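Listing of final34.csv, CSV, N, CA and C atoms
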chain,number,residue,atom,x,y,z
A,203,VAL,N,80.5,115.2,99.2
A,203,VAL,CA,81.7,114.9,98.5
A,203,VAL,C,82.0,113.4,98.6
A,204,ARG,N,82.2,112.8,97.5
A,204,ARG,CA,82.5,111.4,97.5
A,204,ARG,C,84.0,111.1,97.0
A,205,VAL,N,84.6,112.0,96.3
A,205,VAL,CA,85.9,111.9,95.8
A,205,VAL,C,86.6,113.2,95.8
A,206,ALA,N,87.9,113.2,96.3
A,206,ALA,CA,88.7,114.4,96.2
A,206,ALA,C,90.1,114.1,95.6
A,207,VAL,N,90.5,114.9,94.7
A,207,VAL,CA,91.8,114.7,94.1
A,207,VAL,C,92.6,115.9,94.4
A,208,MET,N,93.8,115.8,95.1
A,208,MET,CA,94.6,116.9,95.4
A,208,MET,C,95.8,116.9,94.4
A,209,ILE,N,96.1,118.0,93.9
A,209,ILE,CA,97.2,118.1,92.9
A,209,ILE,C,98.4,118.7,93.6
A,210,THR,N,99.5,117.9,93.6
A,210,THR,CA,100.7,118.4,94.2
A,210,THR,C,101.8,118.4,93.1
A,211,THR,N,103.0,118.1,93.3
A,211,THR,CA,104.0,118.3,92.4
A,211,THR,C,105.0,117.1,92.4
A,212,ASP,N,105.8,117.0,91.4
A,212,ASP,CA,106.8,116.0,91.4
A,212,ASP,C,108.0,116.3,92.3
A,213,LYS,N,108.0,117.6,92.9
A,213,LYS,CA,109.0,118.0,93.8
A,213,LYS,C,108.8,117.3,95.2
A,214,VAL,N,107.8,116.5,95.4
A,214,VAL,CA,107.6,115.8,96.6
A,214,VAL,C,108.6,114.7,96.8
A,215,TYR,N,109.3,114.3,95.7
A,215,TYR,CA,110.2,113.2,95.8
A,215,TYR,C,111.6,113.6,96.2
A,216,ARG,N,112.3,112.8,96.9
A,216,ARG,CA,113.7,113.1,97.3
A,216,ARG,C,114.5,113.0,96.0
A,217,ASN,N,115.2,114.1,95.7
A,217,ASN,CA,116.0,114.1,94.4
A,217,ASN,C,117.3,113.3,94.6
A,218,LYS,N,117.4,112.2,93.9
A,218,LYS,CA,118.6,111.3,94.0
A,218,LYS,C,119.4,111.4,92.7
A,219,GLU,N,119.0,112.3,91.8
A,219,GLU,CA,119.7,112.5,90.6
A,219,GLU,C,119.8,111.2,89.7
A,220,TRP,N,118.7,110.4,89.8
A,220,TRP,CA,118.6,109.2,89.0
A,220,TRP,C,118.2,109.6,87.6
A,221,LEU,N,118.5,108.7,86.6
A,221,LEU,CA,118.2,109.0,85.2
A,221,LEU,C,116.8,108.6,84.9
A,222,TYR,N,116.1,107.7,85.7
A,222,TYR,CA,114.8,107.3,85.3
A,222,TYR,C,113.8,108.2,86.0
A,223,PRO,N,112.6,108.2,85.4
A,223,PRO,CA,111.5,109.1,86.0
A,223,PRO,C,111.1,108.6,87.4
A,224,TYR,N,110.6,109.5,88.2
A,224,TYR,CA,110.1,109.1,89.6
A,224,TYR,C,109.0,108.1,89.5
A,225,ARG,N,108.9,107.2,90.5
A,225,ARG,CA,107.8,106.3,90.6
A,225,ARG,C,107.0,106.6,91.8
A,226,GLU,N,105.7,106.3,91.9
A,226,GLU,CA,104.9,106.6,93.0
A,226,GLU,C,105.4,106.2,94.3
A,227,ASP,N,106.1,105.1,94.3
A,227,ASP,CA,106.6,104.6,95.6
A,227,ASP,C,108.0,105.0,96.0
A,228,ASP,N,108.6,106.0,95.2
A,228,ASP,CA,109.9,106.5,95.6
A,228,ASP,C,109.8,107.3,96.9
A,229,THR,N,110.9,107.5,97.5
A,229,THR,CA,111.0,108.2,98.8
A,229,THR,C,110.6,109.7,98.7
A,230,LEU,N,109.7,110.1,99.6
A,230,LEU,CA,109.4,111.5,99.6
A,230,LEU,C,110.4,112.3,100.4
A,231,GLY,N,110.5,113.6,100.2
A,231,GLY,CA,111.5,114.4,100.9
A,231,GLY,C,112.0,115.5,100.0
A,232,GLY,N,113.0,116.2,100.5
A,232,GLY,CA,113.5,117.3,99.7
A,232,GLY,C,114.7,117.9,100.3
A,233,HIS,N,115.6,118.4,99.5
A,233,HIS,CA,116.8,119.1,100.0
A,233,HIS,C,116.6,120.6,100.2
A,234,ASP,N,115.4,121.1,99.9
A,234,ASP,CA,115.2,122.5,100.0
A,234,ASP,C,113.8,122.6,100.7
A,235,PRO,N,113.5,123.8,101.3
A,235,PRO,CA,112.2,124.0,101.9
A,235,PRO,C,111.0,123.8,101.0
A,236,TYR,N,111.1,124.2,99.8
A,236,TYR,CA,109.9,124.0,98.9
A,236,TYR,C,109.6,122.6,98.7
A,237,SER,N,110.6,121.8,98.4
A,237,SER,CA,110.4,120.3,98.2
A,237,SER,C,109.9,119.6,99.5
A,238,ALA,N,110.5,120.0,100.6
A,238,ALA,CA,110.1,119.4,101.8
A,238,ALA,C,108.6,119.8,102.2
A,239,SER,N,108.2,121.0,101.9
A,239,SER,CA,106.8,121.4,102.2
A,239,SER,C,105.9,120.7,101.3
A,240,LYS,N,106.2,120.4,100.1
A,240,LYS,CA,105.4,119.6,99.2
A,240,LYS,C,105.3,118.2,99.6
A,241,ALA,N,106.4,117.6,100.1
A,241,ALA,CA,106.3,116.2,100.6
A,241,ALA,C,105.4,116.2,101.9
A,242,ALA,N,105.5,117.3,102.7
A,242,ALA,CA,104.7,117.3,103.9
A,242,ALA,C,103.2,117.4,103.6
A,243,SER,N,102.9,118.1,102.5
A,243,SER,CA,101.5,118.2,102.1
A,243,SER,C,100.9,116.8,101.7
A,244,GLU,N,101.8,115.9,101.1
A,244,GLU,CA,101.4,114.5,100.8
A,244,GLU,C,101.1,113.8,102.1
A,245,ILE,N,101.9,114.0,103.2
A,245,ILE,CA,101.6,113.4,104.5
A,245,ILE,C,100.3,113.9,105.1
A,246,VAL,N,100.0,115.2,105.0
A,246,VAL,CA,98.8,115.7,105.5
A,246,VAL,C,97.6,115.1,104.7
A,247,ILE,N,97.7,115.0,103.4
A,247,ILE,CA,96.6,114.4,102.6
A,247,ILE,C,96.4,113.0,103.0
A,248,ALA,N,97.4,112.2,103.2
A,248,ALA,CA,97.3,110.8,103.6
A,248,ALA,C,96.7,110.7,105.0
A,249,SER,N,97.1,111.5,105.9
A,249,SER,CA,96.6,111.4,107.3
A,249,SER,C,95.2,111.8,107.4
A,250,TYR,N,94.7,112.8,106.7
A,250,TYR,CA,93.3,113.2,106.7
A,250,TYR,C,92.5,112.1,106.0
A,251,ARG,N,93.0,111.5,104.9
A,251,ARG,CA,92.3,110.4,104.3
A,251,ARG,C,92.1,109.2,105.3
A,252,ASP,N,93.2,108.8,105.9
A,252,ASP,CA,93.2,107.7,106.8
A,252,ASP,C,92.4,107.9,108.1
A,253,ALA,N,92.5,109.1,108.7
A,253,ALA,CA,91.9,109.4,110.0
A,253,ALA,C,90.5,109.8,109.9
A,254,PHE,N,90.1,110.5,108.8
A,254,PHE,CA,88.7,111.0,108.8
A,254,PHE,C,87.9,110.6,107.5
A,255,LEU,N,88.5,110.9,106.4
A,255,LEU,CA,87.7,110.8,105.2
A,255,LEU,C,87.3,109.4,104.7
A,256,ALA,N,88.2,108.4,104.9
A,256,ALA,CA,87.9,107.0,104.5
A,256,ALA,C,86.8,106.5,105.3
A,257,LYS,N,86.7,106.8,106.6
A,257,LYS,CA,85.6,106.4,107.4
A,257,LYS,C,84.2,106.9,107.0
A,258,GLN,N,84.2,108.0,106.3
A,258,GLN,CA,83.0,108.6,105.7
A,258,GLN,C,82.7,108.2,104.3
A,259,GLY,N,83.6,107.3,103.8
A,259,GLY,CA,83.4,106.9,102.4
A,259,GLY,C,83.9,107.8,101.3
A,260,VAL,N,84.7,108.8,101.7
A,260,VAL,CA,85.3,109.7,100.8
A,260,VAL,C,86.6,109.2,100.3
A,261,ALA,N,86.7,109.0,99.0
A,261,ALA,CA,88.0,108.5,98.4
A,261,ALA,C,88.9,109.8,98.1
A,262,VAL,N,90.1,109.7,98.5
A,262,VAL,CA,91.1,110.8,98.3
A,262,VAL,C,92.3,110.3,97.6
A,263,ALA,N,92.8,111.0,96.6
A,263,ALA,CA,94.0,110.7,95.9
A,263,ALA,C,94.8,111.9,95.7
A,264,SER,N,96.1,111.8,95.4
A,264,SER,CA,96.9,112.9,95.0
A,264,SER,C,97.5,112.7,93.6
A,265,ALA,N,97.5,113.7,92.8
A,265,ALA,CA,98.2,113.6,91.5
A,265,ALA,C,99.4,114.5,91.5
A,266,ARG,N,100.5,114.0,91.1
A,266,ARG,CA,101.8,114.7,91.2
A,266,ARG,C,102.3,115.1,89.8
A,267,ALA,N,102.0,116.3,89.5
A,267,ALA,CA,102.3,116.9,88.2
A,267,ALA,C,103.7,117.4,88.1
A,268,GLY,N,104.3,117.3,86.9
A,268,GLY,CA,105.6,117.9,86.7
A,268,GLY,C,105.4,119.4,86.4
A,269,ASN,N,106.1,119.8,85.4
A,269,ASN,CA,106.0,121.2,85.0
A,269,ASN,C,104.8,121.4,84.1
A,270,VAL,N,103.8,122.1,84.6
A,270,VAL,CA,102.6,122.3,83.9
A,270,VAL,C,102.6,123.6,83.1
A,271,ILE,N,102.3,123.6,81.8
A,271,ILE,CA,102.3,124.8,81.0
A,271,ILE,C,100.9,125.1,80.5
A,272,GLY,N,100.6,126.4,80.2
A,272,GLY,CA,99.3,126.8,79.7
A,272,GLY,C,98.5,127.3,80.8
A,273,GLY,N,97.3,127.7,80.5
A,273,GLY,CA,96.3,128.1,81.5
A,273,GLY,C,96.5,129.6,81.9
A,274,GLY,N,97.2,130.4,81.2
A,274,GLY,CA,97.4,131.8,81.5
A,274,GLY,C,98.4,132.1,82.5
A,275,ASP,N,99.3,131.2,82.8
A,275,ASP,CA,100.4,131.4,83.8
A,275,ASP,C,101.5,132.2,83.1
A,276,TRP,N,101.5,133.5,83.4
A,276,TRP,CA,102.5,134.4,82.8
A,276,TRP,C,103.5,134.9,83.9
A,277,SER,N,103.7,134.1,84.9
A,277,SER,CA,104.6,134.5,86.0
A,277,SER,C,106.0,134.6,85.5
A,278,THR,N,106.8,135.4,86.2
A,278,THR,CA,108.3,135.5,85.9
A,278,THR,C,109.0,134.3,86.4
A,279,ASP,N,110.2,134.1,85.8
A,279,ASP,CA,111.0,132.9,86.2
A,279,ASP,C,110.4,131.6,85.8
A,280,ARG,N,109.6,131.6,84.7
A,280,ARG,CA,109.0,130.4,84.1
A,280,ARG,C,109.5,130.4,82.7
A,281,LEU,N,110.0,129.2,82.3
A,281,LEU,CA,110.7,129.2,81.0
A,281,LEU,C,109.9,129.7,79.8
A,282,LEU,N,108.7,129.1,79.6
A,282,LEU,CA,107.9,129.5,78.4
A,282,LEU,C,107.4,130.9,78.5
A,283,PRO,N,106.8,131.4,79.6
A,283,PRO,CA,106.5,132.8,79.6
A,283,PRO,C,107.7,133.7,79.4
A,284,ASP,N,108.8,133.4,80.0
A,284,ASP,CA,110.0,134.2,79.8
A,284,ASP,C,110.5,134.2,78.4
A,285,ALA,N,110.4,133.0,77.7
A,285,ALA,CA,110.7,132.9,76.3
A,285,ALA,C,109.9,133.8,75.4
A,286,VAL,N,108.6,133.8,75.7
A,286,VAL,CA,107.6,134.6,74.9
A,286,VAL,C,107.9,136.1,75.1
A,287,ARG,N,108.2,136.5,76.4
A,287,ARG,CA,108.5,137.9,76.6
A,287,ARG,C,109.8,138.3,76.0
A,288,ALA,N,110.8,137.5,76.0
A,288,ALA,CA,112.1,137.8,75.4
A,288,ALA,C,111.9,137.9,73.9
A,289,TRP,N,111.2,137.0,73.3
A,289,TRP,CA,110.9,137.1,71.8
A,289,TRP,C,110.2,138.4,71.5
A,290,GLN,N,109.1,138.7,72.2
A,290,GLN,CA,108.3,139.9,71.9
A,290,GLN,C,109.1,141.2,72.1
A,291,SER,N,110.1,141.2,73.0
A,291,SER,CA,110.9,142.4,73.2
A,291,SER,C,112.2,142.4,72.5
A,292,GLY,N,112.5,141.3,71.8
A,292,GLY,CA,113.8,141.3,71.1
A,292,GLY,C,115.0,141.1,71.9
A,293,GLN,N,114.8,140.6,73.2
A,293,GLN,CA,115.9,140.4,74.1
A,293,GLN,C,116.3,138.9,74.1
A,294,THR,N,117.5,138.7,74.6
A,294,THR,CA,118.0,137.3,74.7
A,294,THR,C,117.4,136.6,75.9
A,295,LEU,N,117.0,135.4,75.7
A,295,LEU,CA,116.4,134.6,76.8
A,295,LEU,C,117.6,134.0,77.7
A,296,ALA,N,117.5,134.3,79.0
A,296,ALA,CA,118.5,133.7,79.9
A,296,ALA,C,118.0,132.4,80.4
A,297,ILE,N,118.7,131.3,80.2
A,297,ILE,CA,118.4,130.0,80.7
A,297,ILE,C,119.1,129.8,82.0
A,298,ARG,N,118.3,129.7,83.1
A,298,ARG,CA,118.8,129.6,84.4
A,298,ARG,C,119.5,128.2,84.7
A,299,SER,N,118.9,127.2,84.2
A,299,SER,CA,119.5,125.8,84.5
A,299,SER,C,119.6,125.0,83.3
A,300,PRO,N,120.6,125.3,82.4
A,300,PRO,CA,120.6,124.6,81.1
A,300,PRO,C,120.9,123.1,81.2
A,301,GLN,N,121.4,122.6,82.3
A,301,GLN,CA,121.6,121.2,82.5
A,301,GLN,C,120.3,120.4,82.9
A,302,ALA,N,119.3,121.1,83.3
A,302,ALA,CA,118.1,120.5,83.8
A,302,ALA,C,117.3,119.8,82.7
A,303,ILE,N,116.7,118.7,83.1
A,303,ILE,CA,115.8,117.9,82.2
A,303,ILE,C,114.5,117.9,82.9
A,304,ARG,N,113.4,118.4,82.2
A,304,ARG,CA,112.1,118.6,82.8
A,304,ARG,C,111.0,117.9,82.0
A,305,PRO,N,110.1,117.3,82.7
A,305,PRO,CA,108.9,116.8,82.0
A,305,PRO,C,107.9,118.0,81.8
A,306,TRP,N,107.2,118.0,80.7
A,306,TRP,CA,106.3,119.1,80.5
A,306,TRP,C,104.9,118.5,80.3
A,307,GLN,N,103.9,119.1,80.8
A,307,GLN,CA,102.5,118.7,80.7
A,307,GLN,C,101.6,119.9,80.5
A,308,HIS,N,100.8,119.8,79.4
A,308,HIS,CA,99.9,121.0,79.2
A,308,HIS,C,98.7,120.9,80.2
A,309,VAL,N,98.3,122.0,80.7
A,309,VAL,CA,97.2,122.1,81.7
A,309,VAL,C,96.0,121.3,81.4
A,310,LEU,N,95.7,121.2,80.1
A,310,LEU,CA,94.4,120.4,79.7
A,310,LEU,C,94.6,118.9,79.6
A,311,GLU,N,95.8,118.4,79.8
A,311,GLU,CA,96.1,117.0,79.6
A,311,GLU,C,95.7,116.3,80.9
Write out the structure in this file as structure tokens.
Amino acid sequence: VRVAVMITTDKVYRNKEWLYPYREDDTLGGHDPYSASKAASEIVIASYRDAFLAKQGVAVASARAGNVIGGGDWSTDRLLPDAVRAWQSGQTLAIRSPQAIRPWQHVLE
């Protein structure tokens, strides 16, 4: 292995309710266990890269994706799969966080 890319999430960043998108050098952290665990995974990735893999010539990077759609993810409590199920069954779609603004990225991008 010469290169490894770890896919994490934009939830690694400490949410400061800023209006601009996150930058790679923004502070990691989280106000909830999920976000904190994702930030911790970034620390683990960096520590393995620095302590072991770089010495062996293995390049390691992480890619922090936002909300990824597509790829057969039909889990509950996901906006697009829930919208399709509501439409198919003739039910009303319940929007859990109508004030939220989310970036979307298709799985093939």
So which residues touch range 267-282 of chain A within 7 Å, counting all atoms listed in the file, skipping near sequence neighbours fewer than 4 positions away, as an NGL selection string? :A and (209-213 or 286-287 or 304-310)
Using backbone DSSP assignments, extract all alpha helix (DSSP H) residues from chain A; output them as a ChimeraX atom specification. /A:235-250,281-291
For a test of reading the model, state the distance in Å between atom C of Ala285 in chain A and atom N of Glu311 in chain A, rounded to one decimal. 21.3 Å
Between CA of Val214 in chain A and atom C of Lys240 in chain A, measure the distance and give it in Å to one decimal. 4.5 Å
Using DSSP on the backbone, list every residue of chain A that comes out as strand (DSSP E), and give them as JSON, numbers by chain. {"A": [205, 206, 207, 208, 209, 210, 211, 261, 262, 263, 264, 265, 266, 267, 269, 270, 271, 306, 307, 308]}
Grab the residues selected above and save them as an mmCIF file, in the coordinates of the input with N, CA and C atoms.
data_model
loop_
_atom_site.group_PDB
_atom_site.id
_atom_site.type_symbol
_atom_site.label_atom_id
_atom_site.label_comp_id
_atom_site.auth_asym_id
_atom_site.auth_seq_id
_atom_site.Cartn_x
_atom_site.Cartn_y
_atom_site.Cartn_z
ATOM 1 N N VAL A 205 84.600 112.000 96.300
ATOM 2 C CA VAL A 205 85.900 111.900 95.800
ATOM 3 C C VAL A 205 86.600 113.200 95.800
ATOM 4 N N ALA A 206 87.900 113.200 96.300
ATOM 5 C CA ALA A 206 88.700 114.400 96.200
ATOM 6 C C ALA A 206 90.100 114.100 95.600
ATOM 7 N N VAL A 207 90.500 114.900 94.700
ATOM 8 C CA VAL A 207 91.800 114.700 94.100
ATOM 9 C C VAL A 207 92.600 115.900 94.400
ATOM 10 N N MET A 208 93.800 115.800 95.100
ATOM 11 C CA MET A 208 94.600 116.900 95.400
ATOM 12 C C MET A 208 95.800 116.900 94.400
ATOM 13 N N ILE A 209 96.100 118.000 93.900
ATOM 14 C CA ILE A 209 97.200 118.100 92.900
ATOM 15 C C ILE A 209 98.400 118.700 93.600
ATOM 16 N N THR A 210 99.500 117.900 93.600
ATOM 17 C CA THR A 210 100.700 118.400 94.200
ATOM 18 C C THR A 210 101.800 118.400 93.100
ATOM 19 N N THR A 211 103.000 118.100 93.300
ATOM 20 C CA THR A 211 104.000 118.300 92.400
ATOM 21 C C THR A 211 105.000 117.100 92.400
ATOM 22 N N ALA A 261 86.700 109.000 99.000
ATOM 23 C CA ALA A 261 88.000 108.500 98.400
ATOM 24 C C ALA A 261 88.900 109.800 98.100
ATOM 25 N N VAL A 262 90.100 109.700 98.500
ATOM 26 C CA VAL A 262 91.100 110.800 98.300
ATOM 27 C C VAL A 262 92.300 110.300 97.600
ATOM 28 N N ALA A 263 92.800 111.000 96.600
ATOM 29 C CA ALA A 263 94.000 110.700 95.900
ATOM 30 C C ALA A 263 94.800 111.900 95.700
ATOM 31 N N SER A 264 96.100 111.800 95.400
ATOM 32 C CA SER A 264 96.900 112.900 95.000
ATOM 33 C C SER A 264 97.500 112.700 93.600
ATOM 34 N N ALA A 265 97.500 113.700 92.800
ATOM 35 C CA ALA A 265 98.200 113.600 91.500
ATOM 36 C C ALA A 265 99.400 114.500 91.500
ATOM 37 N N ARG A 266 100.500 114.000 91.100
ATOM 38 C CA ARG A 266 101.800 114.700 91.200
ATOM 39 C C ARG A 266 102.300 115.100 89.800
ATOM 40 N N ALA A 267 102.000 116.300 89.500
ATOM 41 C CA ALA A 267 102.300 116.900 88.200
ATOM 42 C C ALA A 267 103.700 117.400 88.100
ATOM 43 N N ASN A 269 106.100 119.800 85.400
ATOM 44 C CA ASN A 269 106.000 121.200 85.000
ATOM 45 C C ASN A 269 104.800 121.400 84.100
ATOM 46 N N VAL A 270 103.800 122.100 84.600
ATOM 47 C CA VAL A 270 102.600 122.300 83.900
ATOM 48 C C VAL A 270 102.600 123.600 83.100
ATOM 49 N N ILE A 271 102.300 123.600 81.800
ATOM 50 C CA ILE A 271 102.300 124.800 81.000
ATOM 51 C C ILE A 271 100.900 125.100 80.500
ATOM 52 N N TRP A 306 107.200 118.000 80.700
ATOM 53 C CA TRP A 306 106.300 119.100 80.500
ATOM 54 C C TRP A 306 104.900 118.500 80.300
ATOM 55 N N GLN A 307 103.900 119.100 80.800
ATOM 56 C CA GLN A 307 102.500 118.700 80.700
ATOM 57 C C GLN A 307 101.600 119.900 80.500
ATOM 58 N N HIS A 308 100.800 119.800 79.400
ATOM 59 C CA HIS A 308 99.900 121.000 79.200
ATOM 60 C C HIS A 308 98.700 120.900 80.200
#
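Taking atom N of Gly231 in chain A and atom N of Tyr215 in chain A as the two end points, the separation is 4.7 Å.
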